[in-house]
Amino acid sequence: MDNSSILLKRNLKPVNVWALALGSIIGWGAFVMPGTTFLPNAGTLGTAIGVLIGAIVMIIIAVNYGYMINRYPVAGGEYTFTEKTYGKKHAFVCAWFLGLSYFCIVPLNATALGLVSRKLLGGVLEFGYLYSIAGYEIYLGEIIFPSLILILFAYLSVKGVKVAGFVQTAMVFGLVASVIMLCLCALLNPDFSISNLKPMFSGKGSAVSGILAVVAVSPWAFVGFDSIPQASEEFDFTPRKSRRLMILSILFGAFVYIAMNTVTASVMPWEKLLENNYDWPTGEAAEAVAGKAGLIFLGVAIVCAVLTGIMGFYMATSRLLFSMAREDSLPAFFGKIDEKCGTPKNAIIFVLVLSLIAPWFGREALGWIVDMSSIGAAIGYTYTSIATYKTLKLTENEHHPVLKVTAILGFILGLVFIGLLIFPFSPTFLSKPSLICLLVWLILGIAFTLFTKHKKKGN
């Protein structure tokens with residue numbers, strides 16, 4: 001059977017696609033970074049400015065995506081964009097590292113469930129002690145539960161995009177509603193004071209350096225809006241709407257990041273909050289603003305964020321791998337479609353199997369995963385932007401002066417993000433474990449490529 005003839009079913013409505021993107025953008029990090037990254041590095045106003053600048057950068061890149069989706073509304077997104085302009089070798093490099101970015105978010109969110117249980121459920125999963133990694137204790141319960149969630153959502157993803165889209169949409173609305181309720185609780189709390197939000201910028205460094213530290217994590221913080229091109233073959237509407245949906249998802253994502261950071265800083269002077277060395281400052285803040293109700297709202301928001309992240313990136317990763325197999329860049333195994341459900345079943349199972357490894361490494365794995373996700377996203381943004389520019393150059397009959405500017409800007413910004421991660425003198429240089437994992441992923445990609453070429457010669 002000719003792989004190129006395999007098509008996915010068109011079952012996604014605009015609200016499902018928006019929910020797919022926003023649910024992918026907002027994960028565990030939005031509820032942890034206020035205490036670990038945002039407030040310590042940038043303060044309250046510095047974080048808000050940094051997040052908004054990051055959102056603007058992502059919107060510039062999203063404009064490029066919107067143009068390319070309209071030209072090539074098929075699963076694969078960045079792979080297809082790059083293959084049509086620079087050929088299969090560049091397309092493979094782009095897609096394979098982007099696939100790492102997408103895949104990483106699945107175990108990242110699943111692993112976070114153990115951390116959530118320690119604060120919100122009184123550590124009910126802390127049974128069956130196994131060992132410690134970097135001072136973090138690994139329990140059997142915190143491996144079993146995330147693993148069961150991974151298996152359940154892999155099953156739902158295989159069952160079809162209609163089921164996945166409905167579940168994703170419902171959980172995203174639960175996420176947004178819970179965050180809004182936390183904001184209202186903070187505003188109505190008698191201890192709320194604008195003075196608690198001061199100093200507006202962190203004293204760790206200059207205001208500019210703090211803002212840039214927040215901007216630097218934008219590729220990771222907003223990765224997920226680019227899950228939309230992966231689902232474009234399943235749109236039940238015109239691809240022209242994709243740009244608007246991406247921009248809306250980025251803006252809502254920025255709102256959630258800023259809102260949770262502000263709520264964390266609202267109950268007491270935020271420097272004092274951090275000095276108390278709480279394991280989870282945002283959890284302490286939620287309980288302070290509304291007691292048990294605050295923890296319930298926070299719990300619902302986090303669970304919805306974690307589960308939508310798992311669902312969204314199962315979909316994005318599997319569609320990317322499926323498209324690569326359809327173009328003979330990966331073994332045909334990844335292009336296998338479930339006959340009954342019409343979903344790339346084997347690609348989903350592949351993501352599941354790799355994701356089941358992460359819970360065995362506990363909290364330590366989270367930092368490695370974030371680093372790897374950032375480099376993959378930055379590579380995808382860079383290739384999409386330069387592919388947009390080349391496409392515009394090849395279609396001189398189309399006049400898009402603004403698009404040419406956004407394409408060049410997106411390419412430059414993508415290179416900056418990559419540089420921040422790979423240059424040793426950069427404050428965001430990849431950690432040694434992340435570099436090792438990156439090397440393993442590269443070797444795996446080379447192995448798949450050689451295997452695919454061997455199979456083609458054999459045929």
# chains A, B, ... in the order shown; residues from 1 in each chain; ligands from 1

$ select_by_dssp --residues "segment 218-298 of chain A" --states "alpha helix (DSSP H)" --output "JSON list (two decimals) with N, CA and C atoms, in the first residue's frame"
[["chain", "number", "residue", "atom", "x", "y", "z"],
["A", 218, "SER", "N", 10.69, 30.91, 26.97],
["A", 218, "SER", "CA", 9.50, 30.97, 26.12],
["A", 218, "SER", "C", 9.32, 29.75, 25.21],
["A", 219, "PRO", "N", 10.40, 29.25, 24.57],
["A", 219, "PRO", "CA", 10.20, 28.07, 23.71],
["A", 219, "PRO", "C", 9.59, 26.90, 24.46],
["A", 220, "TRP", "N", 9.99, 26.73, 25.73],
["A", 220, "TRP", "CA", 9.40, 25.66, 26.52],
["A", 220, "TRP", "C", 8.03, 26.08, 27.07],
["A", 221, "ALA", "N", 7.92, 27.29, 27.57],
["A", 221, "ALA", "CA", 6.68, 27.74, 28.21],
["A", 221, "ALA", "C", 5.50, 27.74, 27.24],
["A", 242, "SER", "N", -6.51, 28.66, 11.54],
["A", 242, "SER", "CA", -5.47, 28.14, 12.43],
["A", 242, "SER", "C", -4.64, 29.25, 13.07],
["A", 243, "ARG", "N", -4.34, 30.31, 12.31],
["A", 243, "ARG", "CA", -3.53, 31.40, 12.85],
["A", 243, "ARG", "C", -4.22, 32.05, 14.04],
["A", 244, "ARG", "N", -5.51, 32.32, 13.90],
["A", 244, "ARG", "CA", -6.27, 32.93, 14.98],
["A", 244, "ARG", "C", -6.30, 32.01, 16.21],
["A", 245, "LEU", "N", -6.48, 30.71, 15.98],
["A", 245, "LEU", "CA", -6.53, 29.76, 17.09],
["A", 245, "LEU", "C", -5.20, 29.69, 17.82],
["A", 246, "MET", "N", -4.09, 29.73, 17.08],
["A", 246, "MET", "CA", -2.76, 29.71, 17.72],
["A", 246, "MET", "C", -2.55, 30.96, 18.56],
["A", 247, "ILE", "N", -2.91, 32.11, 18.02],
["A", 247, "ILE", "CA", -2.71, 33.37, 18.75],
["A", 247, "ILE", "C", -3.57, 33.39, 20.02],
["A", 248, "LEU", "N", -4.81, 32.92, 19.92],
["A", 248, "LEU", "CA", -5.68, 32.87, 21.10],
["A", 248, "LEU", "C", -5.11, 31.93, 22.16],
["A", 249, "SER", "N", -4.57, 30.81, 21.73],
["A", 249, "SER", "CA", -4.01, 29.86, 22.71],
["A", 249, "SER", "C", -2.79, 30.46, 23.39],
["A", 250, "ILE", "N", -1.96, 31.20, 22.66],
["A", 250, "ILE", "CA", -0.78, 31.84, 23.24],
["A", 250, "ILE", "C", -1.20, 32.90, 24.25],
["A", 251, "LEU", "N", -2.20, 33.72, 23.91],
["A", 251, "LEU", "CA", -2.66, 34.78, 24.81],
["A", 251, "LEU", "C", -3.27, 34.20, 26.08],
["A", 252, "PHE", "N", -4.08, 33.15, 25.95],
["A", 252, "PHE", "CA", -4.65, 32.50, 27.13],
["A", 252, "PHE", "C", -3.54, 31.88, 27.97],
["A", 253, "GLY", "N", -2.54, 31.30, 27.31],
["A", 253, "GLY", "CA", -1.41, 30.73, 28.03],
["A", 253, "GLY", "C", -0.67, 31.78, 28.82],
["A", 254, "ALA", "N", -0.44, 32.95, 28.22],
["A", 254, "ALA", "CA", 0.23, 34.05, 28.91],
["A", 254, "ALA", "C", -0.58, 34.48, 30.13],
["A", 255, "PHE", "N", -1.90, 34.54, 29.98],
["A", 255, "PHE", "CA", -2.77, 34.91, 31.09],
["A", 255, "PHE", "C", -2.60, 33.95, 32.26],
["A", 256, "VAL", "N", -2.58, 32.64, 31.99],
["A", 256, "VAL", "CA", -2.45, 31.65, 33.06],
["A", 256, "VAL", "C", -1.10, 31.78, 33.77],
["A", 257, "TYR", "N", -0.02, 31.95, 33.01],
["A", 257, "TYR", "CA", 1.31, 32.10, 33.62],
["A", 257, "TYR", "C", 1.36, 33.33, 34.53],
["A", 258, "ILE", "N", 0.88, 34.45, 34.02],
["A", 258, "ILE", "CA", 0.93, 35.70, 34.80],
["A", 258, "ILE", "C", -0.01, 35.61, 36.00],
["A", 259, "ALA", "N", -1.20, 35.03, 35.79],
["A", 259, "ALA", "CA", -2.18, 34.93, 36.87],
["A", 259, "ALA", "C", -1.64, 34.08, 38.03],
["A", 260, "MET", "N", -1.06, 32.92, 37.72],
["A", 260, "MET", "CA", -0.57, 32.04, 38.78],
["A", 260, "MET", "C", 0.63, 32.65, 39.49],
["A", 261, "ASN", "N", 1.46, 33.37, 38.76],
["A", 261, "ASN", "CA", 2.60, 34.03, 39.40],
["A", 261, "ASN", "C", 2.13, 35.13, 40.35],
["A", 262, "THR", "N", 1.11, 35.89, 39.93],
["A", 262, "THR", "CA", 0.58, 36.98, 40.75],
["A", 262, "THR", "C", -0.14, 36.45, 41.98],
["A", 263, "VAL", "N", -0.92, 35.38, 41.80],
["A", 263, "VAL", "CA", -1.61, 34.76, 42.93],
["A", 263, "VAL", "C", -0.60, 34.27, 43.96],
["A", 264, "THR", "N", 0.49, 33.67, 43.50],
["A", 264, "THR", "CA", 1.53, 33.18, 44.41],
["A", 264, "THR", "C", 2.13, 34.31, 45.25],
["A", 265, "ALA", "N", 2.27, 35.48, 44.63],
["A", 265, "ALA", "CA", 2.90, 36.62, 45.32],
["A", 265, "ALA", "C", 1.92, 37.46, 46.12],
["A", 266, "SER", "N", 0.63, 37.15, 46.08],
["A", 266, "SER", "CA", -0.38, 38.07, 46.61],
["A", 266, "SER", "C", -0.64, 37.96, 48.10],
["A", 270, "TRP", "N", 6.29, 38.67, 48.62],
["A", 270, "TRP", "CA", 6.75, 37.44, 47.97],
["A", 270, "TRP", "C", 8.18, 37.05, 48.35],
["A", 271, "GLU", "N", 9.01, 38.01, 48.69],
["A", 271, "GLU", "CA", 10.37, 37.66, 49.13],
["A", 271, "GLU", "C", 10.32, 36.87, 50.45],
["A", 272, "LYS", "N", 9.39, 37.26, 51.33],
["A", 272, "LYS", "CA", 9.23, 36.54, 52.59],
["A", 272, "LYS", "C", 8.70, 35.13, 52.32],
["A", 273, "LEU", "N", 7.78, 35.02, 51.36],
["A", 273, "LEU", "CA", 7.23, 33.71, 50.99],
["A", 273, "LEU", "C", 8.35, 32.77, 50.55],
["A", 274, "LEU", "N", 9.26, 33.27, 49.71],
["A", 274, "LEU", "CA", 10.35, 32.43, 49.22],
["A", 274, "LEU", "C", 11.37, 32.12, 50.31],
["A", 275, "GLU", "N", 11.55, 33.06, 51.24],
["A", 275, "GLU", "CA", 12.51, 32.84, 52.34],
["A", 275, "GLU", "C", 12.07, 31.70, 53.25],
["A", 281, "PRO", "N", 5.70, 26.90, 46.84],
["A", 281, "PRO", "CA", 5.13, 28.20, 47.22],
["A", 281, "PRO", "C", 3.73, 28.44, 46.66],
["A", 282, "THR", "N", 3.46, 28.01, 45.44],
["A", 282, "THR", "CA", 2.13, 28.25, 44.85],
["A", 282, "THR", "C", 1.06, 27.49, 45.62],
["A", 283, "GLY", "N", 1.39, 26.28, 46.06],
["A", 283, "GLY", "CA", 0.43, 25.52, 46.87],
["A", 283, "GLY", "C", 0.15, 26.20, 48.19],
["A", 284, "GLU", "N", 1.19, 26.73, 48.83],
["A", 284, "GLU", "CA", 1.02, 27.46, 50.09],
["A", 284, "GLU", "C", 0.16, 28.70, 49.88],
["A", 285, "ALA", "N", 0.39, 29.39, 48.75],
["A", 285, "ALA", "CA", -0.37, 30.60, 48.46],
["A", 285, "ALA", "C", -1.84, 30.29, 48.22],
["A", 286, "ALA", "N", -2.12, 29.22, 47.48],
["A", 286, "ALA", "CA", -3.51, 28.84, 47.20],
["A", 286, "ALA", "C", -4.26, 28.52, 48.48],
["A", 287, "GLU", "N", -3.59, 27.83, 49.39],
["A", 287, "GLU", "CA", -4.22, 27.50, 50.67],
["A", 287, "GLU", "C", -4.43, 28.76, 51.51],
["A", 288, "ALA", "N", -3.50, 29.70, 51.41],
["A", 288, "ALA", "CA", -3.61, 30.94, 52.18],
["A", 288, "ALA", "C", -4.74, 31.82, 51.69],
["A", 289, "VAL", "N", -4.98, 31.85, 50.37],
["A", 289, "VAL", "CA", -6.02, 32.76, 49.83],
["A", 289, "VAL", "C", -7.43, 32.23, 50.02],
["A", 290, "ALA", "N", -7.59, 30.89, 50.10],
["A", 290, "ALA", "CA", -8.96, 30.36, 50.19],
["A", 290, "ALA", "C", -9.05, 29.06, 50.97],
["A", 291, "GLY", "N", -8.05, 28.74, 51.77],
["A", 291, "GLY", "CA", -8.11, 27.53, 52.58],
["A", 291, "GLY", "C", -8.20, 26.28, 51.72],
["A", 292, "LYS", "N", -9.02, 25.33, 52.17],
["A", 292, "LYS", "CA", -9.17, 24.07, 51.44],
["A", 292, "LYS", "C", -9.74, 24.29, 50.04],
["A", 293, "ALA", "N", -10.63, 25.28, 49.93],
["A", 293, "ALA", "CA", -11.22, 25.58, 48.61],
["A", 293, "ALA", "C", -10.14, 25.99, 47.63],
["A", 294, "GLY", "N", -9.15, 26.78, 48.11],
["A", 294, "GLY", "CA", -8.05, 27.19, 47.26],
["A", 294, "GLY", "C", -7.25, 26.01, 46.76],
["A", 295, "LEU", "N", -7.02, 25.03, 47.67],
["A", 295, "LEU", "CA", -6.30, 23.83, 47.27],
["A", 295, "LEU", "C", -7.11, 23.00, 46.28],
["A", 296, "ILE", "N", -8.43, 23.00, 46.44],
["A", 296, "ILE", "CA", -9.28, 22.26, 45.50],
["A", 296, "ILE", "C", -9.21, 22.90, 44.12],
["A", 297, "PHE", "N", -9.34, 24.25, 44.06],
["A", 297, "PHE", "CA", -9.25, 24.94, 42.77],
["A", 297, "PHE", "C", -7.88, 24.69, 42.13],
["A", 298, "LEU", "N", -6.84, 24.78, 42.95],
["A", 298, "LEU", "CA", -5.49, 24.55, 42.43],
["A", 298, "LEU", "C", -5.33, 23.11, 41.96]]

$ residues_around --residues "segment 150-158 of chain A" --least-positions-apart "4" --cutoff "10 Å" --atoms "only C-alpha atoms" --output "ChimeraX atom specification"
/A:106-107,109-111,144-146,162-165,167,307-308,310-312,314-315,318,337-338,340-353,355-356

$ residues_around --residues "Gly410 of chain A" --least-positions-apart "5" --cutoff "8 Å" --atoms "only C-alpha atoms" --output "JSON, numbers by chain"
{"A": [57, 60, 61, 64, 381, 382, 385, 386]}

$ atom_distance --atom1 "atom CA of Ser373 of chain A" --atom2 "atom CA of Gly419 of chain A"
14.6 Å

$ closest_residue --among "A:Asn196, A:Leu187, A:Ala216, A:Tyr86" --to "Ser426 of chain A" --atoms "only C-alpha atoms"
A:Ala216

$ select_by_dssp --residues "segment 131-213 of chain A" --states "strand (DSSP E)" --output "ChimeraX atom specification"
/A:131-133,136-139

$ write_last_selection --atoms "all heavy atoms" --output "PDB file, in the first residue's frame"
ATOM      1  N   TYR A 131      14.273   3.731  46.065  1.00  0.00           N
ATOM      2  CA  TYR A 131      15.629   4.276  46.082  1.00  0.00           C
ATOM      3  C   TYR A 131      15.541   5.793  46.012  1.00  0.00           C
ATOM      4  O   TYR A 131      14.443   6.355  45.933  1.00  0.00           O
ATOM      5  CB  TYR A 131      16.459   3.744  44.899  1.00  0.00           C
ATOM      6  CG  TYR A 131      15.725   3.790  43.576  1.00  0.00           C
ATOM      7  CD1 TYR A 131      15.676   4.960  42.818  1.00  0.00           C
ATOM      8  CD2 TYR A 131      15.082   2.660  43.076  1.00  0.00           C
ATOM      9  CE1 TYR A 131      14.994   5.009  41.617  1.00  0.00           C
ATOM     10  CE2 TYR A 131      14.393   2.701  41.873  1.00  0.00           C
ATOM     11  CZ  TYR A 131      14.358   3.877  41.148  1.00  0.00           C
ATOM     12  OH  TYR A 131      13.680   3.925  39.956  1.00  0.00           O
ATOM     13  N   SER A 132      16.699   6.461  46.032  1.00  0.00           N
ATOM     14  CA  SER A 132      16.746   7.924  45.931  1.00  0.00           C
ATOM     15  C   SER A 132      17.626   8.330  44.759  1.00  0.00           C
ATOM     16  O   SER A 132      18.635   7.668  44.475  1.00  0.00           O
ATOM     17  CB  SER A 132      17.305   8.541  47.214  1.00  0.00           C
ATOM     18  OG  SER A 132      16.453   8.289  48.314  1.00  0.00           O
ATOM     19  N   ILE A 133      17.241   9.418  44.092  1.00  0.00           N
ATOM     20  CA  ILE A 133      18.042  10.006  43.020  1.00  0.00           C
ATOM     21  C   ILE A 133      18.221  11.479  43.340  1.00  0.00           C
ATOM     22  O   ILE A 133      17.246  12.228  43.419  1.00  0.00           O
ATOM     23  CB  ILE A 133      17.380   9.844  41.642  1.00  0.00           C
ATOM     24  CG1 ILE A 133      17.302   8.365  41.251  1.00  0.00           C
ATOM     25  CG2 ILE A 133      18.154  10.615  40.573  1.00  0.00           C
ATOM     26  CD1 ILE A 133      16.683   8.110  39.893  1.00  0.00           C
ATOM     27  N   TYR A 136      16.109  12.779  46.024  1.00  0.00           N
ATOM     28  CA  TYR A 136      14.652  12.658  45.860  1.00  0.00           C
ATOM     29  C   TYR A 136      14.279  11.185  45.959  1.00  0.00           C
ATOM     30  O   TYR A 136      14.782  10.342  45.210  1.00  0.00           O
ATOM     31  CB  TYR A 136      14.225  13.221  44.509  1.00  0.00           C
ATOM     32  CG  TYR A 136      12.719  13.300  44.336  1.00  0.00           C
ATOM     33  CD1 TYR A 136      11.997  14.370  44.849  1.00  0.00           C
ATOM     34  CD2 TYR A 136      12.029  12.299  43.663  1.00  0.00           C
ATOM     35  CE1 TYR A 136      10.624  14.441  44.708  1.00  0.00           C
ATOM     36  CE2 TYR A 136      10.653  12.362  43.500  1.00  0.00           C
ATOM     37  CZ  TYR A 136       9.951  13.437  44.036  1.00  0.00           C
ATOM     38  OH  TYR A 136       8.589  13.493  43.889  1.00  0.00           O
ATOM     39  N   GLU A 137      13.367  10.879  46.889  1.00  0.00           N
ATOM     40  CA  GLU A 137      12.989   9.490  47.129  1.00  0.00           C
ATOM     41  C   GLU A 137      11.980   9.004  46.086  1.00  0.00           C
ATOM     42  O   GLU A 137      11.007   9.693  45.775  1.00  0.00           O
ATOM     43  CB  GLU A 137      12.407   9.340  48.538  1.00  0.00           C
ATOM     44  CG  GLU A 137      13.419   9.671  49.628  1.00  0.00           C
ATOM     45  CD  GLU A 137      12.817   9.613  51.015  1.00  0.00           C
ATOM     46  OE1 GLU A 137      11.586   9.787  51.138  1.00  0.00           O
ATOM     47  OE2 GLU A 137      13.575   9.391  51.975  1.00  0.00           O
ATOM     48  N   ILE A 138      12.224   7.811  45.557  1.00  0.00           N
ATOM     49  CA  ILE A 138      11.359   7.214  44.544  1.00  0.00           C
ATOM     50  C   ILE A 138      10.505   6.142  45.214  1.00  0.00           C
ATOM     51  O   ILE A 138      11.033   5.228  45.853  1.00  0.00           O
ATOM     52  CB  ILE A 138      12.181   6.571  43.403  1.00  0.00           C
ATOM     53  CG1 ILE A 138      13.205   7.572  42.849  1.00  0.00           C
ATOM     54  CG2 ILE A 138      11.252   6.068  42.310  1.00  0.00           C
ATOM     55  CD1 ILE A 138      12.623   8.772  42.184  1.00  0.00           C
ATOM     56  N   TYR A 139       9.173   6.280  45.058  1.00  0.00           N
ATOM     57  CA  TYR A 139       8.235   5.325  45.624  1.00  0.00           C
ATOM     58  C   TYR A 139       7.497   4.575  44.523  1.00  0.00           C
ATOM     59  O   TYR A 139       7.207   5.134  43.460  1.00  0.00           O
ATOM     60  CB  TYR A 139       7.213   6.040  46.517  1.00  0.00           C
ATOM     61  CG  TYR A 139       7.799   6.637  47.777  1.00  0.00           C
ATOM     62  CD1 TYR A 139       8.276   7.941  47.784  1.00  0.00           C
ATOM     63  CD2 TYR A 139       7.880   5.886  48.946  1.00  0.00           C
ATOM     64  CE1 TYR A 139       8.828   8.494  48.944  1.00  0.00           C
ATOM     65  CE2 TYR A 139       8.413   6.427  50.112  1.00  0.00           C
ATOM     66  CZ  TYR A 139       8.888   7.734  50.093  1.00  0.00           C
ATOM     67  OH  TYR A 139       9.434   8.265  51.233  1.00  0.00           O
TER      68      TYR A 139
END

$ closest_residue --among "A:Phe333, A:Ile149, A:Thr388, A:Ile375" --to "Leu435 of chain A" --atoms "only C-alpha atoms"
A:Ile375

$ closest_residue --among "A:Leu394, A:Ala207, A:Ala305, A:Val124" --to "Leu108 of chain A" --atoms "only C-alpha atoms"
A:Ala305

$ closest_residue --among "A:Ala134, A:Leu197, A:Leu182, A:Val303" --to "Leu113 of chain A" --atoms "only C-alpha atoms"
A:Val303

$ atom_distance --atom1 "atom CA of Thr169 of chain A" --atom2 "atom CA of Phe103 of chain A"
20.7 Å

$ residues_around --residues "Leu421 of chain A" --least-positions-apart "4" --cutoff "12 Å" --atoms "only C-alpha atoms" --output "number ranges by chain"
A: 216-217, 219-220, 370-379, 414-417, 425-432, 434-435

$ closest_residue --among "A:Thr452, A:Asn16, A:Thr395, A:Thr384" --to "Val172 of chain A" --atoms "only C-alpha atoms"
A:Asn16

$ residues_around --residues "Thr238 of chain A" --least-positions-apart "6" --cutoff "12 Å" --atoms "only C-alpha atoms" --output "count of residues only"
13

$ decode --residues "segment 234-249 of chain A" --atoms "N, CA, C and O atoms" --output "compact mmCIF listing (two decimals), in the first residue's frame"
# COMPACT_ATOMS: atom_id res chain seq x y z
N GLU A 234 -6.73 16.85 10.34
CA GLU A 234 -7.97 16.42 10.97
C GLU A 234 -8.93 17.57 11.24
O GLU A 234 -9.92 17.41 11.94
N PHE A 235 -8.62 18.76 10.71
CA PHE A 235 -9.51 19.91 10.85
C PHE A 235 -10.84 19.64 10.14
O PHE A 235 -10.85 19.21 8.99
N ASP A 236 -11.93 19.97 10.81
CA ASP A 236 -13.25 19.93 10.17
C ASP A 236 -13.66 21.37 9.85
O ASP A 236 -14.82 21.74 10.00
N PHE A 237 -12.68 22.20 9.45
CA PHE A 237 -12.92 23.60 9.12
C PHE A 237 -11.76 24.09 8.27
O PHE A 237 -10.76 23.38 8.08
N THR A 238 -11.87 25.29 7.74
CA THR A 238 -10.83 25.83 6.87
C THR A 238 -9.53 26.07 7.64
O THR A 238 -9.55 26.60 8.76
N PRO A 239 -8.37 25.71 7.07
CA PRO A 239 -7.09 25.94 7.74
C PRO A 239 -6.79 27.42 8.00
O PRO A 239 -5.91 27.74 8.80
N ARG A 240 -7.50 28.32 7.32
CA ARG A 240 -7.26 29.76 7.51
C ARG A 240 -7.50 30.19 8.96
O ARG A 240 -6.98 31.21 9.41
N LYS A 241 -8.32 29.43 9.69
CA LYS A 241 -8.62 29.78 11.07
C LYS A 241 -7.48 29.42 12.03
O LYS A 241 -7.49 29.82 13.19
N SER A 242 -6.51 28.66 11.54
CA SER A 242 -5.47 28.14 12.43
C SER A 242 -4.64 29.25 13.07
O SER A 242 -4.27 29.17 14.25
N ARG A 243 -4.34 30.31 12.31
CA ARG A 243 -3.53 31.40 12.85
C ARG A 243 -4.22 32.05 14.04
O ARG A 243 -3.60 32.28 15.09
N ARG A 244 -5.51 32.32 13.90
CA ARG A 244 -6.27 32.93 14.98
C ARG A 244 -6.30 32.01 16.21
O ARG A 244 -6.17 32.47 17.35
N LEU A 245 -6.48 30.71 15.98
CA LEU A 245 -6.53 29.76 17.09
C LEU A 245 -5.20 29.69 17.82
O LEU A 245 -5.16 29.60 19.05
N MET A 246 -4.09 29.73 17.08
CA MET A 246 -2.76 29.71 17.72
C MET A 246 -2.55 30.96 18.56
O MET A 246 -2.06 30.89 19.70
N ILE A 247 -2.91 32.11 18.02
CA ILE A 247 -2.71 33.37 18.75
C ILE A 247 -3.57 33.39 20.02
O ILE A 247 -3.10 33.79 21.09
N LEU A 248 -4.81 32.92 19.92
CA LEU A 248 -5.68 32.87 21.10
C LEU A 248 -5.11 31.93 22.16
O LEU A 248 -5.15 32.24 23.36
N SER A 249 -4.57 30.81 21.73
CA SER A 249 -4.01 29.86 22.71
C SER A 249 -2.79 30.46 23.39
O SER A 249 -2.59 30.27 24.60
